[in-house]
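Visitor: Pasting input.csv below, which is CSV, C-alpha atoms and all ligand atoms.
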chain,number,residue,atom,x,y,z
A,1,MET,CA,-98.5,87.1,161.9
A,2,THR,CA,-95.9,88.0,159.2
A,3,SER,CA,-98.2,88.6,156.2
A,4,SER,CA,-101.8,90.0,156.0
A,5,PHE,CA,-102.1,89.1,152.3
A,6,THR,CA,-104.6,86.3,151.6
A,7,VAL,CA,-103.8,84.3,148.6
A,8,HIS,CA,-106.6,82.6,146.8
A,9,ASP,CA,-105.5,81.7,143.3
A,10,ALA,CA,-102.6,82.9,141.1
A,11,SER,CA,-104.6,83.5,138.0
A,12,GLY,CA,-107.2,85.4,140.0
A,13,TYR,CA,-104.4,87.6,141.4
A,14,GLU,CA,-103.3,88.3,137.9
A,15,GLN,CA,-106.7,89.7,137.0
A,16,LEU,CA,-107.0,91.6,140.3
A,17,MET,CA,-103.5,93.1,140.5
A,18,GLY,CA,-100.8,91.3,138.5
A,19,ARG,CA,-101.9,93.0,135.3
A,20,TRP,CA,-101.5,96.4,136.9
A,21,SER,CA,-98.3,95.6,138.9
A,22,GLN,CA,-96.8,94.7,135.5
A,23,LYS,CA,-97.5,98.3,134.4
A,24,LEU,CA,-96.1,99.7,137.6
A,25,ALA,CA,-92.9,97.5,137.6
A,26,PRO,CA,-91.0,99.5,134.9
A,27,LEU,CA,-91.7,102.8,136.6
A,28,PHE,CA,-90.5,101.3,139.9
A,29,ILE,CA,-87.3,100.0,138.2
A,30,ASP,CA,-86.6,103.4,136.7
A,31,PHE,CA,-86.9,104.9,140.2
A,32,ALA,CA,-84.8,102.2,141.9
A,33,GLY,CA,-82.1,102.1,139.1
A,34,LEU,CA,-80.3,99.0,137.8
A,35,ALA,CA,-76.9,98.4,136.3
A,36,ASN,CA,-75.7,95.5,134.1
A,37,GLY,CA,-74.0,92.7,136.1
A,38,GLU,CA,-75.9,93.4,139.3
A,39,LYS,CA,-77.4,90.8,141.7
A,40,ILE,CA,-81.0,91.8,142.7
A,41,LEU,CA,-83.4,90.6,145.3
A,42,ASP,CA,-87.2,90.8,144.7
A,43,VAL,CA,-89.0,90.6,148.1
A,44,GLY,CA,-92.6,89.5,147.9
A,45,CYS,CA,-92.5,88.6,144.2
A,46,GLY,CA,-96.0,87.3,144.0
A,47,THR,CA,-96.6,85.9,140.5
A,48,GLY,CA,-93.4,87.6,139.2
A,49,SER,CA,-94.5,91.0,137.8
A,50,LEU,CA,-91.3,92.7,139.0
A,51,THR,CA,-89.1,89.6,138.8
A,52,PHE,CA,-89.6,89.2,135.0
A,53,ALA,CA,-89.6,93.0,134.4
A,54,LEU,CA,-86.1,93.1,136.0
A,55,ALA,CA,-84.9,90.3,133.8
A,56,LYS,CA,-85.8,92.4,130.7
A,57,ALA,CA,-84.6,95.8,132.1
A,58,ALA,CA,-80.8,95.1,132.3
A,59,ASP,CA,-78.2,92.4,131.8
A,60,LEU,CA,-78.3,91.3,135.4
A,61,SER,CA,-76.1,88.5,136.7
A,62,GLU,CA,-78.7,87.1,139.2
A,63,ILE,CA,-82.3,87.7,140.3
A,64,ALA,CA,-83.4,86.1,143.5
A,65,ALA,CA,-87.1,86.3,144.3
A,66,ILE,CA,-89.0,85.3,147.5
A,67,ASP,CA,-92.6,85.3,148.5
A,68,TYR,CA,-94.5,84.2,151.6
A,69,SER,CA,-97.1,82.4,149.6
A,70,PRO,CA,-96.2,78.9,148.3
A,71,ILE,CA,-99.1,79.2,145.7
A,72,PHE,CA,-97.4,82.3,144.2
A,73,VAL,CA,-94.0,80.8,144.4
A,74,GLU,CA,-95.2,77.8,142.4
A,75,ALA,CA,-97.0,80.0,139.8
A,76,ALA,CA,-93.9,82.2,139.4
A,77,ASN,CA,-91.6,79.2,139.0
A,78,ARG,CA,-94.0,77.7,136.4
A,79,ARG,CA,-93.5,80.9,134.3
A,80,ASN,CA,-89.8,81.1,134.7
A,81,THR,CA,-87.5,80.0,131.9
A,82,ASP,CA,-84.6,82.3,132.8
A,83,PRO,CA,-81.6,80.5,134.5
A,84,ARG,CA,-80.6,83.8,136.2
A,85,ILE,CA,-83.9,83.7,138.2
A,86,THR,CA,-84.5,81.7,141.4
A,87,ILE,CA,-87.8,81.9,143.2
A,88,ARG,CA,-88.4,80.4,146.7
A,89,GLN,CA,-90.7,80.6,149.6
A,90,ALA,CA,-89.5,82.9,152.5
A,91,ASP,CA,-90.5,85.6,154.9
A,92,ALA,CA,-89.5,89.2,154.2
A,93,CYS,CA,-88.9,89.6,158.0
A,94,ALA,CA,-86.3,86.7,158.0
A,95,LEU,CA,-84.6,86.7,154.6
A,96,PRO,CA,-82.7,83.5,154.0
A,97,PHE,CA,-79.6,85.3,152.7
A,98,GLY,CA,-76.3,86.4,154.2
A,99,ALA,CA,-75.3,90.0,154.8
A,100,ASP,CA,-74.1,92.0,151.8
A,101,THR,CA,-75.3,89.4,149.2
A,102,PHE,CA,-77.1,91.8,146.8
A,103,ASP,CA,-76.6,95.1,145.0
A,104,ARG,CA,-80.2,96.1,145.4
A,105,ALA,CA,-83.3,94.7,147.2
A,106,LEU,CA,-86.7,95.8,145.9
A,107,ALA,CA,-90.2,95.2,147.1
A,108,LEU,CA,-93.2,96.1,144.9
A,109,LEU,CA,-96.6,96.4,146.6
A,110,VAL,CA,-95.5,94.2,149.5
A,111,LEU,CA,-94.7,96.3,152.7
A,112,HIS,CA,-98.3,97.3,153.3
A,113,PHE,CA,-99.1,93.6,153.8
A,114,VAL,CA,-96.2,93.1,156.3
A,115,PRO,CA,-97.4,93.9,159.8
A,116,GLU,CA,-93.7,94.4,160.9
A,117,ALA,CA,-92.8,96.4,157.8
A,118,GLY,CA,-89.8,98.1,159.5
A,119,LYS,CA,-88.3,94.7,160.2
A,120,ALA,CA,-88.6,93.8,156.5
A,121,VAL,CA,-86.9,97.0,155.5
A,122,GLY,CA,-84.1,96.2,158.1
A,123,GLU,CA,-83.7,92.8,156.5
A,124,MET,CA,-83.5,94.3,153.0
A,125,ARG,CA,-80.8,96.6,154.2
A,126,ARG,CA,-78.9,93.7,155.9
A,127,VAL,CA,-78.7,91.6,152.7
A,128,VAL,CA,-77.6,94.5,150.5
A,129,ARG,CA,-73.9,95.4,150.3
A,130,PRO,CA,-72.6,98.8,151.4
A,131,GLY,CA,-73.2,101.3,148.6
A,132,GLY,CA,-76.2,99.3,147.3
A,133,LEU,CA,-79.8,100.3,147.4
A,134,VAL,CA,-83.1,99.4,149.0
A,135,ALA,CA,-86.4,100.4,147.4
A,136,ALA,CA,-90.1,99.7,147.9
A,137,ALA,CA,-93.5,100.9,146.6
A,138,VAL,CA,-96.9,100.5,148.2
A,139,TRP,CA,-100.4,101.7,147.0
A,140,ASP,CA,-101.9,104.8,148.6
A,141,HIS,CA,-105.2,103.2,149.5
A,142,LEU,CA,-106.6,106.2,151.3
A,143,GLY,CA,-105.9,109.0,148.8
A,144,GLY,CA,-104.6,107.5,145.6
A,145,MET,CA,-106.9,104.7,144.5
A,146,PRO,CA,-110.3,106.0,143.4
A,147,GLY,CA,-111.3,102.7,141.7
A,148,MET,CA,-110.9,100.7,144.9
A,149,ARG,CA,-112.2,103.6,147.1
A,150,MET,CA,-115.4,103.4,145.1
A,151,MET,CA,-116.0,99.8,146.3
A,152,ILE,CA,-114.7,100.5,149.8
A,153,ASP,CA,-116.9,103.6,150.3
A,154,THR,CA,-119.9,101.7,148.9
A,155,VAL,CA,-119.5,98.8,151.3
A,156,ALA,CA,-118.8,101.3,154.2
A,157,ALA,CA,-122.2,103.0,153.5
A,158,LEU,CA,-123.9,99.6,153.5
A,159,GLY,CA,-122.9,98.4,157.0
A,160,GLU,CA,-120.5,98.4,160.0
A,161,GLY,CA,-118.5,95.5,158.6
A,162,GLY,CA,-117.7,97.6,155.5
A,163,ARG,CA,-116.8,100.6,157.7
A,164,GLN,CA,-114.3,98.5,159.6
A,165,LEU,CA,-112.9,97.1,156.4
A,166,ARG,CA,-112.4,100.7,155.1
A,167,SER,CA,-110.5,101.7,158.2
A,168,ARG,CA,-108.2,98.7,157.9
A,169,TYR,CA,-107.7,99.1,154.2
A,170,CYS,CA,-107.0,102.8,154.2
A,171,PHE,CA,-104.4,102.6,157.0
A,172,GLN,CA,-102.3,99.6,156.2
A,173,PRO,CA,-98.6,99.9,157.0
A,174,MET,CA,-96.4,102.4,155.1
A,175,MET,CA,-99.3,104.1,153.3
A,176,GLN,CA,-99.4,107.5,154.9
A,177,PRO,CA,-97.3,110.4,153.4
A,178,GLY,CA,-93.8,110.2,154.7
A,179,GLU,CA,-94.3,107.0,156.6
A,180,MET,CA,-92.1,104.8,154.4
A,181,LYS,CA,-89.4,107.5,154.3
A,182,ARG,CA,-89.3,107.7,158.2
A,183,THR,CA,-89.0,103.9,158.3
A,184,PHE,CA,-86.2,103.8,155.8
A,185,VAL,CA,-84.3,106.4,157.9
A,186,GLU,CA,-85.0,104.5,161.1
A,187,GLN,CA,-83.5,101.4,159.5
A,188,GLY,CA,-80.3,103.3,158.8
A,189,LEU,CA,-80.7,104.0,155.1
A,190,THR,CA,-79.2,107.2,153.8
A,191,ASP,CA,-80.2,109.8,151.1
A,192,VAL,CA,-83.7,108.5,151.4
A,193,ILE,CA,-86.2,109.8,148.8
A,194,GLU,CA,-89.9,109.3,148.7
A,195,THR,CA,-92.0,109.9,145.5
A,196,GLU,CA,-95.2,109.0,143.8
A,197,LEU,CA,-95.7,106.7,140.8
A,198,LEU,CA,-98.9,106.7,138.8
A,199,VAL,CA,-100.5,104.0,136.6
A,200,ARG,CA,-104.0,103.7,135.3
A,201,MET,CA,-106.2,100.6,135.8
A,202,ASP,CA,-108.4,100.3,132.7
A,203,TYR,CA,-111.4,98.0,132.9
A,204,GLN,CA,-113.4,96.8,129.9
A,205,ASN,CA,-116.7,96.7,131.8
A,206,PHE,CA,-118.0,96.1,135.4
A,207,ASP,CA,-117.5,92.3,135.2
A,208,ASP,CA,-113.8,92.9,134.4
A,209,TYR,CA,-113.6,95.0,137.6
A,210,TRP,CA,-115.8,92.8,139.8
A,211,ALA,CA,-114.9,89.2,138.8
A,212,PRO,CA,-111.6,88.9,140.9
A,213,LEU,CA,-113.3,90.5,143.9
A,214,ALA,CA,-116.3,88.2,143.6
A,215,ALA,CA,-113.8,85.3,143.4
A,216,GLY,CA,-112.3,86.3,146.8
A,217,GLU,CA,-109.0,87.8,145.7
A,218,GLY,CA,-107.1,90.3,147.8
A,219,PRO,CA,-108.4,92.1,150.9
A,220,LEU,CA,-111.6,93.4,149.3
A,221,GLY,CA,-112.3,90.0,147.7
A,222,LYS,CA,-111.8,88.4,151.1
A,223,TYR,CA,-114.5,90.7,152.5
A,224,VAL,CA,-116.9,89.8,149.7
A,225,SER,CA,-116.4,86.1,150.5
A,226,THR,CA,-117.6,86.7,154.0
A,227,LEU,CA,-121.0,88.1,152.9
A,228,ASP,CA,-124.2,85.9,152.7
A,229,ALA,CA,-126.0,85.7,149.4
A,230,ALA,CA,-128.4,88.6,150.1
A,231,GLU,CA,-125.6,91.0,151.3
A,232,ARG,CA,-123.4,89.9,148.4
A,233,SER,CA,-126.1,90.7,145.8
A,234,ARG,CA,-126.9,94.1,147.5
A,235,THR,CA,-123.2,94.9,147.5
A,236,GLU,CA,-122.7,93.9,143.8
A,237,ILE,CA,-125.7,96.1,142.8
A,238,ALA,CA,-124.4,99.1,144.7
A,239,VAL,CA,-120.8,98.8,143.5
A,240,ARG,CA,-122.1,98.3,139.9
A,241,ASP,CA,-124.1,101.5,140.3
A,242,ALA,CA,-120.9,103.3,141.4
A,243,TYR,CA,-118.9,101.9,138.6
A,244,GLU,CA,-121.4,102.8,135.9
A,245,ALA,CA,-121.9,106.3,137.4
A,246,GLY,CA,-125.1,106.9,135.5
A,247,ARG,CA,-123.8,105.8,132.1
A,248,ARG,CA,-124.1,102.4,130.3
A,249,ASP,CA,-121.7,99.7,131.4
A,250,GLY,CA,-118.5,99.7,129.5
A,251,PRO,CA,-114.8,100.8,129.8
A,252,ARG,CA,-113.7,102.9,132.8
A,253,SER,CA,-110.2,104.1,133.6
A,254,PHE,CA,-108.9,104.9,137.1
A,255,ALA,CA,-105.7,106.6,138.2
A,256,ASN,CA,-103.7,104.8,140.9
A,257,VAL,CA,-100.9,106.3,143.0
A,258,ALA,CA,-98.1,104.3,144.6
A,259,TRP,CA,-95.7,105.7,147.2
A,260,ALA,CA,-92.2,104.8,146.3
A,261,CYS,CA,-89.2,105.1,148.5
A,262,ARG,CA,-85.5,104.4,148.1
A,263,GLY,CA,-82.4,104.7,150.3
A,264,ASN,CA,-78.7,103.8,150.1
A,265,VAL,CA,-77.0,101.3,152.3
A,266,PRO,CA,-74.1,103.1,154.1
B,301,LIG,C1,-100.0,92.7,146.3
B,301,LIG,S1,-98.9,91.3,146.2
B,301,LIG,C2,-97.5,92.0,145.2
B,301,LIG,C3,-96.8,90.9,144.5
B,301,LIG,C4,-95.8,91.4,143.4
B,301,LIG,N1,-94.7,92.0,144.0
B,301,LIG,C5,-96.5,92.3,142.4
B,301,LIG,O1,-96.2,93.5,142.4
B,301,LIG,O2,-97.4,91.8,141.7
B,301,LIG,C6,-98.3,91.3,147.8
B,301,LIG,C7,-97.3,90.1,148.0
B,301,LIG,O3,-96.6,90.3,149.2
B,301,LIG,C8,-96.4,89.0,149.7
B,301,LIG,N2,-96.0,89.1,151.1
B,301,LIG,C9,-96.8,89.6,152.1
B,301,LIG,N3,-96.1,89.5,153.3
B,301,LIG,C10,-95.0,88.9,153.0
B,301,LIG,C11,-93.9,88.5,153.9
B,301,LIG,N4,-93.8,88.7,155.2
B,301,LIG,N5,-92.8,87.9,153.3
B,301,LIG,C12,-92.8,87.6,151.9
B,301,LIG,N6,-93.8,88.0,151.1
B,301,LIG,C13,-94.9,88.6,151.7
B,301,LIG,C14,-97.7,88.3,149.4
B,301,LIG,O4,-97.6,86.8,149.5
B,301,LIG,C15,-98.0,88.8,148.0
B,301,LIG,O5,-97.4,87.9,147.1
For the file at hand, write its structure as structure tokens.

Guide:
Amino acid sequence: MTSSFTVHDASGYEQLMGRWSQKLAPLFIDFAGLANGEKILDVGCGTGSLTFALAKAADLSEIAAIDYSPIFVEAANRRNTDPRITIRQADACALPFGADTFDRALALLVLHFVPEAGKAVGEMRRVVRPGGLVAAAVWDHLGGMPGMRMMIDTVAALGEGGRQLRSRYCFQPMMQPGEMKRTFVEQGLTDVIETELLVRMDYQNFDDYWAPLAAGEGPLGKYVSTLDAAERSRTEIAVRDAYEAGRRDGPRSFANVAWACRGNVP
């Protein structure tokens, strides 16, 4: 298996994550750097949060984007009006590009869904020219996402299936401190730096938080879709209680930390 990310619907993804990855993309671009005229690869572009932010951030000559999901590739292509951008279906572990093709290869919120994440980093290194740069960011599900931990801890308290989900969710690839840095070094990148990027997820009310999960989006939504009607209702009531935290339903804001790592191609 080359991707553990389940794709349901592109607009559902936007509500679950795309709206937040759009906020994260400029911070990640600042960390990865860009220069006018460069050729950039966006690995695991999804619906294009990073791809389209790259196009705005510098006068790039070319932006190639790939994603494993044909549904996301189609959605991103529908959004695209920029002739510098090409978007196609491909696997991060077998990139369809020759060696030394790009100035930088970037992956935003992707490597934690790639079981062989080291192989993907090796591929990113291969397609970047010597002197170029590879960078990636992944969420810190265990210690850096209180909004999602709220749901995960609630379902874990409700049953064994939820406990198993929590364990899988908190320990996806590349999420532990220093793990991505070690992998970058193992893949031959130099001057490797790991840092943290923070964005807030601001919800209008519980429905705004819950709707994409109830619709089956992402790993937590996939779990909800496996529940029978009674379990689903019990789960929704318990997660709502955690969201409201003893106050009336309404806006809530959660901090979210992503690990970000970059390294140079020797
Ligand atoms: C959380 S989404 C991030 C999408 C986008 N980069 C963003 O920031 O909104 C994870 C993406 O990684 C893609 N993905 C997972 N494994 C992949 C692989 N082996 N090759 C290419 N894409 C992959 C998924 O299809 C999905 O679009």

Visitor: Using all atoms listed in the file, find each residue of chain A with at least one atom at most 9 Å away from an atom of ligand LIG 301 (chain B); report its shortest atom-to-atom pair and that distance in Å (one decimal), sort the rows by chain and rising residue number, and return the result as a Markdown table.

Guide:
| residue | atom | partner | partner_atom | distance |
| --- | --- | --- | --- | --- |
| A:Met1 | CA | B:LIG301 | N4 | 8.3 |
| A:Thr2 | CA | B:LIG301 | N4 | 4.6 |
| A:Ser3 | CA | B:LIG301 | N3 | 3.7 |
| A:Ser4 | CA | B:LIG301 | N3 | 6.3 |
| A:Phe5 | CA | B:LIG301 | C9 | 5.3 |
| A:Thr6 | CA | B:LIG301 | O4 | 7.3 |
| A:Val7 | CA | B:LIG301 | O4 | 6.7 |
| A:Tyr13 | CA | B:LIG301 | O2 | 8.2 |
| A:Glu14 | CA | B:LIG301 | O2 | 7.8 |
| A:Met17 | CA | B:LIG301 | O2 | 6.4 |
| A:Gly18 | CA | B:LIG301 | O2 | 4.7 |
| A:Arg19 | CA | B:LIG301 | O2 | 7.9 |
| A:Trp20 | CA | B:LIG301 | O2 | 7.8 |
| A:Ser21 | CA | B:LIG301 | O1 | 4.6 |
| A:Gln22 | CA | B:LIG301 | O2 | 6.9 |
| A:Leu24 | CA | B:LIG301 | O1 | 7.8 |
| A:Ala25 | CA | B:LIG301 | O1 | 7.1 |
| A:Asp42 | CA | B:LIG301 | N1 | 7.6 |
| A:Val43 | CA | B:LIG301 | C12 | 6.2 |
| A:Gly44 | CA | B:LIG301 | N6 | 3.7 |
| A:Cys45 | CA | B:LIG301 | N1 | 4.1 |
| A:Gly46 | CA | B:LIG301 | O5 | 3.5 |
| A:Thr47 | CA | B:LIG301 | O2 | 6.1 |
| A:Gly48 | CA | B:LIG301 | C4 | 6.2 |
| A:Ser49 | CA | B:LIG301 | O2 | 4.9 |
| A:Leu50 | CA | B:LIG301 | O1 | 6.0 |
| A:Thr51 | CA | B:LIG301 | N1 | 8.0 |
| A:Ile66 | CA | B:LIG301 | C12 | 6.3 |
| A:Asp67 | CA | B:LIG301 | N6 | 3.9 |
| A:Tyr68 | CA | B:LIG301 | C12 | 3.8 |
| A:Ser69 | CA | B:LIG301 | O4 | 4.4 |
| A:Pro70 | CA | B:LIG301 | O4 | 8.1 |
| A:Ile71 | CA | B:LIG301 | O4 | 8.6 |
| A:Phe72 | CA | B:LIG301 | O5 | 6.3 |
| A:Val73 | CA | B:LIG301 | O5 | 8.3 |
| A:Gln89 | CA | B:LIG301 | C12 | 7.7 |
| A:Ala90 | CA | B:LIG301 | C12 | 5.8 |
| A:Asp91 | CA | B:LIG301 | N5 | 3.6 |
| A:Ala92 | CA | B:LIG301 | N5 | 3.7 |
| A:Cys93 | CA | B:LIG301 | N4 | 5.7 |
| A:Ala94 | CA | B:LIG301 | N5 | 8.1 |
| A:Leu95 | CA | B:LIG301 | N5 | 8.4 |
| A:Ala107 | CA | B:LIG301 | N1 | 6.3 |
| A:Leu108 | CA | B:LIG301 | N1 | 4.5 |
| A:Leu109 | CA | B:LIG301 | C2 | 4.7 |
| A:Val110 | CA | B:LIG301 | O3 | 4.1 |
| A:Leu111 | CA | B:LIG301 | N3 | 7.0 |
| A:His112 | CA | B:LIG301 | C9 | 7.9 |
| A:Phe113 | CA | B:LIG301 | C9 | 4.9 |
| A:Val114 | CA | B:LIG301 | N3 | 4.7 |
| A:Pro115 | CA | B:LIG301 | N4 | 7.8 |
| A:Glu116 | CA | B:LIG301 | N4 | 8.1 |
| A:Ala117 | CA | B:LIG301 | N4 | 8.2 |
| A:Ala120 | CA | B:LIG301 | N4 | 7.4 |
| A:Ala137 | CA | B:LIG301 | O1 | 8.9 |
| A:Val138 | CA | B:LIG301 | C1 | 8.6 |
| A:Gly218 | CA | B:LIG301 | C1 | 7.6 |

Visitor: Between A:Met201, A:Leu34, A:Ala215, A:Ile63, which is the closest to Asn80 (chain A) once you count all atoms listed in the file?

Guide: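 Using all atoms listed in the file, Asn80 (chain A) sits closest to A:Ile63.
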
Visitor: Rounded to one decimal, what separation in Å do you get between CA of Ala230 (chain A) and CA of Gly147 (chain A)?

Guide: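 A separation of 23.7 Å between them.
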
Visitor: Just want the 7 Å neighbourhood of Val265 (chain A), counted on all atoms listed in the file, with same-chain residues fewer than 6 positions away dropped. Output as a PyMOL selection string.

Guide: chain A and resi 125+129-133+189-190

Visitor: To one decimal place in Å, what is the distance between CA of Glu38 (chain A) and CA of Arg104 (chain A)?

Guide: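 It comes out at 7.9 Å.
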
Visitor: Residues at most 7 Å from Arg126 (chain A), counting all atoms listed in the file, excluding those fewer than 2 positions away in the same chain, as a list in words?

Guide: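 Neighbouring residues, sequence-local ones excluded: Ala99, Asp100, Gly122, Glu123, Met124 and Val128 of chain A.
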
Visitor: Rank A:Ala136, A:Asp249, A:Ala156, A:Arg200 by their smallest atom-to-atom distance to Ala32 (chain A), using all atoms listed in the file, and report the top residue only.

Guide: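 Nearest to Ala32 (chain A): A:Ala136.
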
Visitor: To one decimal place, how far is CA of Glu74 (chain A) from CA of Phe52 (chain A) in Å?

Guide: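 Atom-to-atom, CA of Glu74 (chain A) and CA of Phe52 (chain A) are spaced 14.7 Å apart.
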